[in-house]
Amino acid sequence: MSFRRRMPSVATWRWLLAIAMLALLVLSLMPATQRMPTTGWDKSNHMLGFAVLAVLGHAAWPGRIWTVLAGLLAYGGLIEVLQSFTPDRMAEWGDLLADGVGLLMGKACALLLMRRRMSPE
């Protein structure tokens, strides 16, 4: 007998995505002098953050992932623009590139998770 757990609703995934986006925005705009969680390398921080957003976006809007990824990349661009107005942050094209790589990594992870969930046990 299989006891598969029920997946959260699409509305729940959308709330989780919104919360994650807000958290990423706050972390991105906080003064760099404050202690923050880190992977140890700025670009990997971007990749990890946007990979998480991609996985959540995949669950929040199934079937519209390319639109979601484009929107999330634009969100990354907005964060870079906002950082250019902060005193101790700066906008970098490399950060936006890392965001894009993270989004593709997150999409791949989401597809792997979907395949695993769909496969018979």
# chains A, B, ... in the order shown; residues from 1 in each chain; ligands from 1
>>> residues_around(residues="stretch 106-114 of chain A", least_positions_apart="3", cutoff="10 Å", atoms="only C-alpha atoms", output="VMD selection string")
chain A and resid 47 to 59 65 to 66 69 100 to 103 117 to 119
>>> residues_around(residues="A:Arg14", least_positions_apart="4", cutoff="7 Å", atoms="only C-alpha atoms", output="CSV table (one decimal) with N, CA, C and O atoms, in the first residue's frame")
chain,number,residue,atom,x,y,z
A,10,VAL,N,-1.8,24.9,-5.3
A,10,VAL,CA,-1.1,25.9,-6.1
A,10,VAL,C,-1.1,27.3,-5.4
A,10,VAL,O,0.0,28.0,-5.4
A,18,ALA,N,6.0,34.1,-3.2
A,18,ALA,CA,6.0,35.5,-2.8
A,18,ALA,C,6.9,35.8,-1.6
A,18,ALA,O,7.6,36.8,-1.5
A,60,ALA,N,4.2,26.8,-8.5
A,60,ALA,CA,3.2,27.8,-8.4
A,60,ALA,C,2.4,28.0,-9.7
A,60,ALA,O,1.2,28.3,-9.7
>>> select_by_dssp(residues="chain A", states="helix (DSSP H, G or I)", output="ChimeraX atom specification")
/A:10-29,42-60,65-83,93-118
>>> closest_residue(among="A:Met105, A:Leu24, A:Ala70, A:Ala98", to="A:Ser44", atoms="only C-alpha atoms")
A:Ala98
>>> atom_distance(atom1="atom CA of A:Val26", atom2="atom CA of A:Val68")
20.6 Å
>>> atom_distance(atom1="atom CA of A:Ala74", atom2="atom CA of A:Leu96")
9.1 Å
>>> atom_distance(atom1="atom CA of A:Ser28", atom2="atom CA of A:Gln83")
7.4 Å
>>> residues_around(residues="stretch 29-33 of chain A", least_positions_apart="6", cutoff="8 Å", atoms="only C-alpha atoms", output="PyMOL selection string")
chain A and resi 79+82-83+86+88-89
>>> write_last_selection(atoms="C-alpha atoms", output="CSV table (one decimal), in the first residue's frame")
chain,number,residue,atom,x,y,z
A,79,ILE,CA,17.0,43.9,-7.7
A,82,LEU,CA,17.6,48.8,-6.7
A,83,GLN,CA,21.1,47.9,-5.4
A,86,THR,CA,22.0,51.7,-2.0
A,88,ASP,CA,27.1,50.0,0.0
A,89,ARG,CA,25.7,47.7,-2.8
>>> residues_around(residues="A:Asp95", least_positions_apart="5", cutoff="9 Å", atoms="only C-alpha atoms", output="PyMOL selection string")
chain A and resi 42-43+46-47+76-77+80+100
>>> write_last_selection(atoms="N, CA, C and O atoms", output="PDB file, in the first residue's frame")
ATOM      1  N   ASP A  42      29.615  35.207  -3.675  1.00  0.00           N
ATOM      2  CA  ASP A  42      28.468  36.027  -4.066  1.00  0.00           C
ATOM      3  C   ASP A  42      27.669  35.410  -5.210  1.00  0.00           C
ATOM      4  O   ASP A  42      26.443  35.361  -5.170  1.00  0.00           O
ATOM      5  N   LYS A  43      28.342  34.929  -6.222  1.00  0.00           N
ATOM      6  CA  LYS A  43      27.631  34.390  -7.400  1.00  0.00           C
ATOM      7  C   LYS A  43      26.859  33.113  -7.056  1.00  0.00           C
ATOM      8  O   LYS A  43      25.761  32.891  -7.566  1.00  0.00           O
ATOM      9  N   HIS A  46      23.623  34.047  -5.454  1.00  0.00           N
ATOM     10  CA  HIS A  46      22.614  34.382  -6.467  1.00  0.00           C
ATOM     11  C   HIS A  46      22.040  33.118  -7.096  1.00  0.00           C
ATOM     12  O   HIS A  46      20.823  32.994  -7.250  1.00  0.00           O
ATOM     13  N   MET A  47      22.905  32.191  -7.474  1.00  0.00           N
ATOM     14  CA  MET A  47      22.435  30.959  -8.120  1.00  0.00           C
ATOM     15  C   MET A  47      21.503  30.177  -7.198  1.00  0.00           C
ATOM     16  O   MET A  47      20.441  29.722  -7.626  1.00  0.00           O
ATOM     17  N   GLY A  76      15.248  39.714 -10.939  1.00  0.00           N
ATOM     18  CA  GLY A  76      16.677  39.808 -10.640  1.00  0.00           C
ATOM     19  C   GLY A  76      17.261  41.111 -11.166  1.00  0.00           C
ATOM     20  O   GLY A  76      18.078  41.757 -10.499  1.00  0.00           O
ATOM     21  N   GLY A  77      16.826  41.521 -12.360  1.00  0.00           N
ATOM     22  CA  GLY A  77      17.274  42.793 -12.917  1.00  0.00           C
ATOM     23  C   GLY A  77      16.807  43.967 -12.076  1.00  0.00           C
ATOM     24  O   GLY A  77      17.565  44.922 -11.840  1.00  0.00           O
ATOM     25  N   GLU A  80      18.977  44.295  -9.073  1.00  0.00           N
ATOM     26  CA  GLU A  80      20.258  44.924  -9.413  1.00  0.00           C
ATOM     27  C   GLU A  80      20.111  46.439  -9.545  1.00  0.00           C
ATOM     28  O   GLU A  80      20.964  47.194  -9.073  1.00  0.00           O
ATOM     29  N   GLY A 100      20.342  34.021 -13.738  1.00  0.00           N
ATOM     30  CA  GLY A 100      19.859  33.215 -14.862  1.00  0.00           C
ATOM     31  C   GLY A 100      20.316  31.773 -14.790  1.00  0.00           C
ATOM     32  O   GLY A 100      19.532  30.852 -15.035  1.00  0.00           O
TER      33      GLY A 100
END
>>> closest_residue(among="A:Asn45, A:Trp61, A:Ala91, A:Thr39", to="A:Leu17", atoms="only C-alpha atoms")
A:Trp61
>>> decode(residues="stretch 15-31 of chain A", atoms="N, CA, C and O atoms", output="short mmCIF file (atom, residue, chain, number, x, y, z; two decimals), in the first residue's frame")
data_model
loop_
_atom_site.label_atom_id
_atom_site.label_comp_id
_atom_site.auth_asym_id
_atom_site.auth_seq_id
_atom_site.Cartn_x
_atom_site.Cartn_y
_atom_site.Cartn_z
N TRP A 15 2.07 31.53 -2.49
CA TRP A 15 2.43 32.26 -1.27
C TRP A 15 3.88 32.02 -0.91
O TRP A 15 4.60 32.96 -0.52
N LEU A 16 4.32 30.78 -1.01
CA LEU A 16 5.72 30.47 -0.70
C LEU A 16 6.67 31.20 -1.64
O LEU A 16 7.71 31.70 -1.21
N LEU A 17 6.31 31.27 -2.92
CA LEU A 17 7.12 32.00 -3.88
C LEU A 17 7.18 33.48 -3.52
O LEU A 17 8.26 34.09 -3.53
N ALA A 18 6.05 34.07 -3.19
CA ALA A 18 6.02 35.50 -2.83
C ALA A 18 6.86 35.77 -1.59
O ALA A 18 7.62 36.75 -1.54
N ILE A 19 6.78 34.90 -0.61
CA ILE A 19 7.57 35.06 0.62
C ILE A 19 9.06 34.93 0.31
O ILE A 19 9.88 35.71 0.79
N ALA A 20 9.41 33.95 -0.53
CA ALA A 20 10.82 33.76 -0.90
C ALA A 20 11.34 34.96 -1.69
O ALA A 20 12.48 35.40 -1.49
N MET A 21 10.51 35.51 -2.57
CA MET A 21 10.92 36.68 -3.34
C MET A 21 11.15 37.88 -2.42
O MET A 21 12.13 38.61 -2.58
N LEU A 22 10.27 38.06 -1.45
CA LEU A 22 10.42 39.15 -0.50
C LEU A 22 11.68 38.97 0.34
O LEU A 22 12.45 39.92 0.54
N ALA A 23 11.92 37.75 0.80
CA ALA A 23 13.12 37.47 1.59
C ALA A 23 14.38 37.74 0.79
O ALA A 23 15.34 38.35 1.29
N LEU A 24 14.38 37.34 -0.47
CA LEU A 24 15.54 37.57 -1.33
C LEU A 24 15.77 39.06 -1.56
O LEU A 24 16.90 39.54 -1.54
N LEU A 25 14.69 39.81 -1.72
CA LEU A 25 14.79 41.25 -1.90
C LEU A 25 15.40 41.91 -0.66
O LEU A 25 16.31 42.72 -0.77
N VAL A 26 14.90 41.53 0.50
CA VAL A 26 15.42 42.10 1.75
C VAL A 26 16.90 41.77 1.92
O VAL A 26 17.71 42.65 2.22
N LEU A 27 17.26 40.52 1.70
CA LEU A 27 18.67 40.13 1.83
C LEU A 27 19.55 40.86 0.82
O LEU A 27 20.69 41.22 1.13
N SER A 28 19.01 41.11 -0.36
CA SER A 28 19.79 41.77 -1.42
C SER A 28 19.99 43.26 -1.16
O SER A 28 20.94 43.85 -1.68
N LEU A 29 19.09 43.86 -0.41
CA LEU A 29 19.18 45.29 -0.17
C LEU A 29 19.70 45.66 1.22
O LEU A 29 19.94 46.83 1.49
N MET A 30 19.89 44.66 2.07
CA MET A 30 20.44 44.92 3.40
C MET A 30 21.86 45.46 3.28
O MET A 30 22.57 45.09 2.34
N PRO A 31 22.28 46.28 4.22
CA PRO A 31 23.68 46.72 4.19
C PRO A 31 24.62 45.53 4.23
O PRO A 31 24.39 44.56 4.97
#
